[in-house]
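Below is model_8.pdb, holding PDB, C-alpha atoms.
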ATOM      1  CA  MET N   1     -28.438   3.399 -67.410
ATOM      2  CA  ARG N   2     -27.921  -0.282 -66.736
ATOM      3  CA  THR N   3     -24.173   0.295 -66.403
ATOM      4  CA  SER N   4     -24.693   3.100 -63.864
ATOM      5  CA  PHE N   5     -26.926   0.874 -61.770
ATOM      6  CA  SER N   6     -24.277  -1.895 -61.677
ATOM      7  CA  ILE N   7     -21.535   0.495 -60.559
ATOM      8  CA  ALA N   8     -23.762   1.850 -57.809
ATOM      9  CA  ALA N   9     -24.529  -1.671 -56.611
ATOM     10  CA  ILE N  10     -20.832  -2.536 -56.492
ATOM     11  CA  LEU N  11     -20.067   0.594 -54.469
ATOM     12  CA  VAL N  12     -22.845  -0.154 -51.998
ATOM     13  CA  GLY N  13     -21.583  -3.712 -51.582
ATOM     14  CA  THR N  14     -18.052  -2.462 -50.944
ATOM     15  CA  ALA N  15     -19.262  -0.035 -48.292
ATOM     16  CA  VAL N  16     -21.166  -2.794 -46.482
ATOM     17  CA  ALA N  17     -18.158  -5.103 -46.496
ATOM     18  CA  ALA N  18     -15.736  -2.505 -45.128
ATOM     19  CA  PRO N  19     -14.304  -3.527 -41.745
ATOM     20  CA  ILE N  20     -15.617  -1.764 -38.665
ATOM     21  CA  ILE N  21     -12.848  -0.105 -36.663
ATOM     22  CA  PRO N  22     -13.572  -0.295 -32.928
ATOM     23  CA  PHE N  23     -13.645   2.968 -31.046
ATOM     24  CA  VAL N  24     -10.581   3.321 -28.800
ATOM     25  CA  THR N  25     -10.283   6.149 -26.326
ATOM     26  CA  THR N  26      -6.997   7.887 -25.642
ATOM     27  CA  THR N  27      -7.000   6.444 -22.099
ATOM     28  CA  ALA N  28      -7.156   2.811 -23.188
ATOM     29  CA  VAL N  29      -4.255   0.732 -21.879
ATOM     30  CA  ILE N  30      -2.820  -1.932 -24.156
ATOM     31  CA  PRO N  31      -0.511  -4.394 -22.334
ATOM     32  CA  LEU N  32       2.950  -4.677 -23.838
ATOM     33  CA  GLN N  33       3.590  -8.159 -25.179
ATOM     34  CA  ASP N  34       6.713 -10.081 -25.975
ATOM     35  CA  ASP N  35       6.888 -10.378 -29.751
ATOM     36  CA  ALA N  36       8.112 -13.967 -29.598
ATOM     37  CA  THR N  37       5.679 -15.438 -27.089
ATOM     38  CA  GLY N  38       2.767 -13.026 -27.054
ATOM     39  CA  SER N  39       2.896 -12.993 -23.248
ATOM     40  CA  LEU N  40       3.241  -9.944 -21.031
ATOM     41  CA  SER N  41       6.778  -8.578 -21.023
ATOM     42  CA  ALA N  42       8.854  -8.853 -17.856
ATOM     43  CA  ALA N  43       8.625  -5.103 -17.292
ATOM     44  CA  THR N  44       4.846  -5.187 -17.571
ATOM     45  CA  GLU N  45       4.655  -8.153 -15.198
ATOM     46  CA  VAL N  46       6.763  -6.315 -12.629
ATOM     47  CA  SER N  47       4.481  -3.299 -12.976
ATOM     48  CA  ARG N  48       1.367  -5.439 -12.571
ATOM     49  CA  ARG N  49       2.677  -7.180  -9.488
ATOM     50  CA  GLN N  50       4.315  -4.267  -7.765
ATOM     51  CA  SER N  51       2.218  -1.250  -8.676
ATOM     52  CA  ALA N  52      -1.299  -2.659  -8.526
ATOM     53  CA  LYS N  53      -1.864  -1.012  -5.166
ATOM     54  CA  GLN N  54       1.351   0.988  -5.043
ATOM     55  CA  ALA N  55       2.808  -0.652  -1.936
ATOM     56  CA  CYS N  56       5.195   1.959  -0.534
ATOM     57  CA  PHE N  57       7.619  -0.674   0.755
ATOM     58  CA  VAL N  58       8.198  -2.333  -2.640
ATOM     59  CA  VAL N  59      11.033  -0.075  -3.757
ATOM     60  CA  GLY N  60      12.980  -2.264  -6.190
ATOM     61  CA  SER N  61      12.395  -3.684  -9.656
ATOM     62  CA  THR N  62      13.005  -7.398  -9.026
ATOM     63  CA  THR N  63       9.893  -9.387  -9.881
ATOM     64  CA  LEU N  64       8.219 -10.741  -6.759
ATOM     65  CA  PRO N  65       7.021 -14.355  -6.449
ATOM     66  CA  GLN N  66       3.253 -14.370  -6.916
ATOM     67  CA  GLU N  67       2.553 -15.311  -3.286
ATOM     68  CA  VAL N  68       4.701 -12.449  -2.023
ATOM     69  CA  ALA N  69       3.149 -10.044  -4.530
ATOM     70  CA  ASP N  70      -0.322 -10.977  -3.277
ATOM     71  CA  VAL N  71       0.701 -10.382   0.338
ATOM     72  CA  ALA N  72       2.249  -7.035  -0.595
ATOM     73  CA  ALA N  73      -0.936  -5.962  -2.354
ATOM     74  CA  SER N  74      -3.042  -6.963   0.659
ATOM     75  CA  LEU N  75      -0.809  -4.913   2.979
ATOM     76  CA  ALA N  76      -0.579  -1.827   0.757
ATOM     77  CA  SER N  77      -3.476  -0.089   2.481
ATOM     78  CA  THR N  78      -2.595  -1.373   5.968
ATOM     79  CA  VAL N  79       1.128  -0.694   6.284
ATOM     80  CA  THR N  80       2.623   2.804   6.193
ATOM     81  CA  CYS N  81       6.189   3.721   5.288
ATOM     82  CA  SER N  82       8.584   6.185   6.848
ATOM     83  CA  LYS N  83       9.604   8.975   4.496
ATOM     84  CA  SER N  84      13.133   9.093   5.905
ATOM     85  CA  ALA N  85      14.071   5.973   7.911
ATOM     86  CA  THR N  86      15.131   2.739   6.257
ATOM     87  CA  THR N  87      15.955  -0.730   7.567
ATOM     88  CA  ILE N  88      17.244  -3.874   5.829
ATOM     89  CA  SER N  89      18.535  -3.405   2.256
ATOM     90  CA  GLY N  90      17.300   0.184   2.186
ATOM     91  CA  VAL N  91      13.629  -0.781   2.564
ATOM     92  CA  PRO N  92      11.566   1.986   4.233
ATOM     93  CA  ASP N  93      10.805   1.430   7.907
ATOM     94  CA  VAL N  94       7.189   0.220   7.991
ATOM     95  CA  THR N  95       4.422   0.463  10.564
ATOM     96  CA  SER N  96       1.252  -1.559  11.129
ATOM     97  CA  GLY N  97      -1.006  -0.445  13.948
ATOM     98  CA  SER N  98       1.328   0.577  16.751
ATOM     99  CA  THR N  99       4.159  -1.704  15.619
ATOM    100  CA  THR N 100       7.141  -0.401  13.638
ATOM    101  CA  PHE N 101       9.590  -2.840  12.071
ATOM    102  CA  SER N 102      12.694  -1.087  13.397
ATOM    103  CA  SER N 103      11.490  -1.733  16.959
ATOM    104  CA  ILE N 104      11.520  -5.514  16.372
ATOM    105  CA  ASP N 105      14.236  -5.763  13.715
ATOM    106  CA  PHE N 106      15.995  -9.115  14.149
ATOM    107  CA  SER N 107      18.976  -7.943  12.088
ATOM    108  CA  LYS N 108      19.962  -5.463  14.818
ATOM    109  CA  SER N 109      20.284  -8.237  17.398
ATOM    110  CA  LYS N 110      23.389 -10.275  18.219
ATOM    111  CA  GLN N 111      21.139 -13.324  18.395
ATOM    112  CA  THR N 112      20.464 -15.649  15.485
ATOM    113  CA  GLY N 113      17.169 -15.176  13.660
ATOM    114  CA  LEU N 114      15.535 -18.075  15.485
ATOM    115  CA  GLN N 115      16.942 -17.109  18.883
ATOM    116  CA  PHE N 116      15.543 -13.640  18.385
ATOM    117  CA  ALA N 117      12.142 -14.944  17.289
ATOM    118  CA  LEU N 118      11.805 -17.339  20.221
ATOM    119  CA  SER N 119      12.705 -14.653  22.751
ATOM    120  CA  GLN N 120      10.876 -11.679  21.233
ATOM    121  CA  PHE N 121       7.742 -13.305  19.854
ATOM    122  CA  ALA N 122       6.730 -15.465  22.803
ATOM    123  CA  THR N 123       3.005 -15.916  23.415
ATOM    124  CA  ALA N 124       1.114 -15.499  26.674
ATOM    125  CA  GLU N 125      -0.042 -18.166  29.118
ATOM    126  CA  PRO N 126      -2.641 -19.438  28.409
ATOM    127  CA  LEU N 127      -2.104 -19.177  24.660
ATOM    128  CA  ALA N 128      -5.671 -18.051  23.947
ATOM    129  CA  SER N 129      -5.153 -14.905  26.054
ATOM    130  CA  THR N 130      -2.446 -13.618  23.702
ATOM    131  CA  ASP N 131      -3.154 -10.333  21.912
ATOM    132  CA  LEU N 132      -3.776 -11.563  18.365
ATOM    133  CA  GLN N 133      -3.812  -8.071  16.839
ATOM    134  CA  LYS N 134      -0.384  -7.303  18.256
ATOM    135  CA  PHE N 135       1.056 -10.445  16.680
ATOM    136  CA  GLN N 136      -0.727  -9.737  13.407
ATOM    137  CA  ASP N 137       0.792  -6.242  13.319
ATOM    138  CA  MET N 138       4.256  -7.686  13.934
ATOM    139  CA  LEU N 139       3.707 -10.195  11.152
ATOM    140  CA  ASN N 140       2.480  -7.440   8.830
ATOM    141  CA  VAL N 141       5.666  -5.394   9.176
ATOM    142  CA  TYR N 142       7.826  -8.481   8.695
ATOM    143  CA  GLU N 143       5.931  -9.521   5.563
ATOM    144  CA  ALA N 144       6.044  -5.995   4.164
ATOM    145  CA  THR N 145       9.782  -5.728   4.819
ATOM    146  CA  GLU N 146      10.373  -9.135   3.235
ATOM    147  CA  ALA N 147       8.536  -7.999   0.092
ATOM    148  CA  GLY N 148      10.688  -4.874   0.001
ATOM    149  CA  ILE N 149      13.888  -6.878   0.431
ATOM    150  CA  ARG N 150      12.867  -9.256  -2.355
ATOM    151  CA  SER N 151      12.128  -6.337  -4.651
ATOM    152  CA  VAL N 152      15.753  -5.202  -4.378
ATOM    153  CA  GLY N 153      17.258  -8.691  -4.419
ATOM    154  CA  GLY N 154      18.476  -8.578  -0.811
ATOM    155  CA  SER N 155      19.269 -11.344   1.683
ATOM    156  CA  LEU N 156      16.270 -13.381   2.831
ATOM    157  CA  ALA N 157      17.439 -14.183   6.362
ATOM    158  CA  ILE N 158      14.184 -12.514   7.424
ATOM    159  CA  LYS N 159      12.253 -15.639   6.432
ATOM    160  CA  VAL N 160      13.061 -17.489   9.678
ATOM    161  CA  PRO N 161      11.544 -14.934  12.099
ATOM    162  CA  LYS N 162       8.783 -14.196   9.572
ATOM    163  CA  PHE N 163       7.698 -17.830   9.351
ATOM    164  CA  PHE N 164       7.977 -18.130  13.140
ATOM    165  CA  LEU N 165       5.620 -15.167  13.527
ATOM    166  CA  GLU N 166       3.221 -16.772  11.053
ATOM    167  CA  MET N 167       3.276 -19.945  13.130
ATOM    168  CA  GLN N 168       2.610 -17.983  16.308
ATOM    169  CA  VAL N 169      -0.351 -16.184  14.708
ATOM    170  CA  SER N 170      -1.728 -19.546  13.573
ATOM    171  CA  ARG N 171      -1.271 -21.005  17.078
ATOM    172  CA  ILE N 172      -3.125 -18.064  18.649
ATOM    173  CA  GLN N 173      -5.970 -18.288  16.134
ATOM    174  CA  THR N 174      -6.273 -22.029  16.756
ATOM    175  CA  ALA N 175      -6.281 -21.585  20.532
ATOM    176  CA  GLN N 176      -8.961 -18.894  20.211
ATOM    177  CA  GLY N 177     -11.198 -21.243  18.232
ATOM    178  CA  ASN N 178     -10.565 -19.829  14.757
ATOM    179  CA  PRO N 179      -7.929 -22.041  13.129
ATOM    180  CA  PRO N 180      -6.879 -20.974   9.608
ATOM    181  CA  ALA N 181      -8.674 -22.883   6.868
ATOM    182  CA  ALA N 182      -5.890 -22.628   4.283
ATOM    183  CA  ALA N 183      -3.392 -25.496   4.451
ATOM    184  CA  GLY N 184      -0.469 -23.100   4.026
ATOM    185  CA  LEU N 185      -1.447 -21.184   7.158
ATOM    186  CA  GLN N 186      -1.840 -24.112   9.516
ATOM    187  CA  VAL N 187       0.549 -24.655  12.408
ATOM    188  CA  ASP N 188       2.232 -27.846  11.218
ATOM    189  CA  HIS N 189       2.929 -26.422   7.760
ATOM    190  CA  LEU N 190       4.447 -23.257   9.212
ATOM    191  CA  ARG N 191       6.498 -25.269  11.719
ATOM    192  CA  ASP N 192       8.042 -27.085   8.773
ATOM    193  CA  LYS N 193       8.707 -23.757   7.036
ATOM    194  CA  VAL N 194      10.619 -22.500  10.068
ATOM    195  CA  LEU N 195      12.662 -25.688  10.363
ATOM    196  CA  LYS N 196      13.417 -25.837   6.626
ATOM    197  CA  ASN N 197      14.730 -22.273   6.569
ATOM    198  CA  ALA N 198      16.800 -22.653   9.745
ATOM    199  CA  PRO N 199      19.170 -25.561   8.987
ATOM    200  CA  LYS N 200      22.126 -23.915  10.741
ATOM    201  CA  GLU N 201      20.267 -23.124  13.960
ATOM    202  CA  ALA N 202      21.056 -25.073  17.135
ATOM    203  CA  ALA N 203      19.148 -28.307  17.676
ATOM    204  CA  ASP N 204      17.670 -27.142  20.985
ATOM    205  CA  LEU N 205      16.158 -24.107  19.256
ATOM    206  CA  LEU N 206      14.648 -26.264  16.532
ATOM    207  CA  ASN N 207      13.243 -28.558  19.216
ATOM    208  CA  GLN N 208      11.588 -25.576  20.870
ATOM    209  CA  VAL N 209       9.805 -24.757  17.606
ATOM    210  CA  THR N 210       8.647 -28.352  17.265
ATOM    211  CA  GLN N 211       7.382 -28.335  20.860
ATOM    212  CA  LEU N 212       5.509 -25.050  20.418
ATOM    213  CA  ALA N 213       3.692 -26.482  17.411
ATOM    214  CA  THR N 214       2.106 -29.085  19.667
ATOM    215  CA  GLN N 215       0.934 -26.543  22.245
ATOM    216  CA  LEU N 216      -2.323 -25.183  20.866
ATOM    217  CA  SER N 217      -4.269 -24.401  24.006
TER     218      SER N 217
END
Translate this structure into structure tokens?
Amino acid sequence: MRTSFSIAAILVGTAVAAPIIPFVTTTAVIPLQDDATGSLSAATEVSRRQSAKQACFVVGSTTLPQEVADVAASLASTVTCSKSATTISGVPDVTSGSTTFSSIDFSKSKQTGLQFALSQFATAEPLASTDLQKFQDMLNVYEATEAGIRSVGGSLAIKVPKFFLEMQVSRIQTAQGNPPAAAGLQVDHLRDKVLKNAPKEAADLLNQVTQLATQLS
């Protein structure tokens, strides 16, 4: 009798000590990890960056820089893609508001990127009267197209007119009394971005950019 009691006690103790297996549903998603580092695999990182909001213009598999990925995600619900027309590097033609990228595509011009930007993206006089939404829509389609180009590893000549448009948007916002708070979106920073990415542009064009950056009213 004493022996039976001891065996029962041992069995009870074993049952209590048994590990509890957490309940996992069939829909649970377990991130793939690199066996060596334990970090997310490159494929998973690409998926996280480029499919989070399923941006229609991100058509390639090249991993986007985080800043570009964030912009793409923010534009996913704002920008629409053509189902048939493409532009640079096979990226779908994109539209924001009433602005379609193909209608302001710098690559179709015989001008340099900066020449095109200065002539096509000029602001009104006075600056504060400029249609901010129109410029924001133009910037949206340029940023979306840039993200698409990066996703397929294409040429990044688009950065010059894109940064110029960003500077113009910042100038308009400043003139209208709502200057961007983020350092990376302020006029002087964006002026430097334009100049840095346009080393082969003519000096008089670069001087025009520098002059515009001082005209905030």
Produce a table with one row for each residue of stretch 40-121 of chain N that has an atom at most 10 Å from any atom of stretch 152-168 of chain N, each row naming the nearest atom pair and its distance in Å at one decimal; use all atoms listed in the file; arrange rows by chain and rising residue number; format as a Markdown table.
| residue | atom | partner | partner_atom | distance |
| --- | --- | --- | --- | --- |
| N:Val58 | CA | N:Val152 | CA | 8.3 |
| N:Val59 | CA | N:Val152 | CA | 7.0 |
| N:Gly60 | CA | N:Val152 | CA | 4.4 |
| N:Ser61 | CA | N:Val152 | CA | 6.4 |
| N:Thr62 | CA | N:Val152 | CA | 5.8 |
| N:Thr63 | CA | N:Val152 | CA | 9.1 |
| N:Leu64 | CA | N:Gly153 | CA | 9.6 |
| N:Ile88 | CA | N:Gly154 | CA | 8.2 |
| N:Ser89 | CA | N:Gly154 | CA | 6.0 |
| N:Gly90 | CA | N:Val152 | CA | 8.6 |
| N:Val91 | CA | N:Val152 | CA | 8.5 |
| N:Asp105 | CA | N:Ile158 | CA | 9.2 |
| N:Phe106 | CA | N:Pro161 | CA | 7.6 |
| N:Ser107 | CA | N:Ile158 | CA | 8.1 |
| N:Thr112 | CA | N:Pro161 | CA | 9.6 |
| N:Gly113 | CA | N:Pro161 | CA | 5.8 |
| N:Leu114 | CA | N:Pro161 | CA | 6.1 |
| N:Gln115 | CA | N:Pro161 | CA | 8.9 |
| N:Phe116 | CA | N:Pro161 | CA | 7.6 |
| N:Ala117 | CA | N:Pro161 | CA | 5.2 |
| N:Leu118 | CA | N:Phe164 | CA | 8.1 |
| N:Gln120 | CA | N:Pro161 | CA | 9.7 |
| N:Phe121 | CA | N:Leu165 | CA | 6.9 |
- N:Gln133: which residues within 12 Å, counting only C-alpha atoms, same-chain residues fewer than 3 positions away excluded, as a PyMOL selection string? chain N and resi 96-99+129-130+136-140+168-169+172-173
Keeping only C-alpha atoms, write those residues as a compact mmCIF listing (two decimals), keeping the file's coordinate frame.
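Written output follows (result.txt):
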# COMPACT_ATOMS: atom_id res chain seq x y z
CA SER N 96 1.25 -1.56 11.13
CA GLY N 97 -1.01 -0.44 13.95
CA SER N 98 1.33 0.58 16.75
CA THR N 99 4.16 -1.70 15.62
CA SER N 129 -5.15 -14.90 26.05
CA THR N 130 -2.45 -13.62 23.70
CA GLN N 136 -0.73 -9.74 13.41
CA ASP N 137 0.79 -6.24 13.32
CA MET N 138 4.26 -7.69 13.93
CA LEU N 139 3.71 -10.20 11.15
CA ASN N 140 2.48 -7.44 8.83
CA GLN N 168 2.61 -17.98 16.31
CA VAL N 169 -0.35 -16.18 14.71
CA ILE N 172 -3.12 -18.06 18.65
CA GLN N 173 -5.97 -18.29 16.13
- Quick one, how far is atom CA of N:Ser77 from atom CA of N:Phe101? 16.4 Å
- Item | Picked residues, the PyMOL selection byres ((chain N and resi 147) around 8), as a PyMOL selection string | chain N and resi 57-58+64+68-69+72+143-146+148-151
- May I ask for the distance between atom CA of N:Ser170 and atom CA of N:Gln211, given in Å to one decimal place?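 Rounded to one decimal, the two atoms are 14.6 Å apart.
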- Item | Point-to-point distance in Å for atom CA of N:Asp204 and atom CA of N:Gly177 | 29.6 Å
- Can you tell me, as a ChimeraX atom specification, what residues are no more than 9 Å from N:Leu206 when counting all atoms listed in the file, ignoring any on the same chain fewer than 4 positions away? /N:114,194-195,198-199,201-202,210-211
- Could you tell me which residues the PyMOL selection byres ((chain N and resi 127) around 8) grabs in this file, written as a PyMOL selection string? chain N and resi 123-126+128-130+171-172+175+216-217
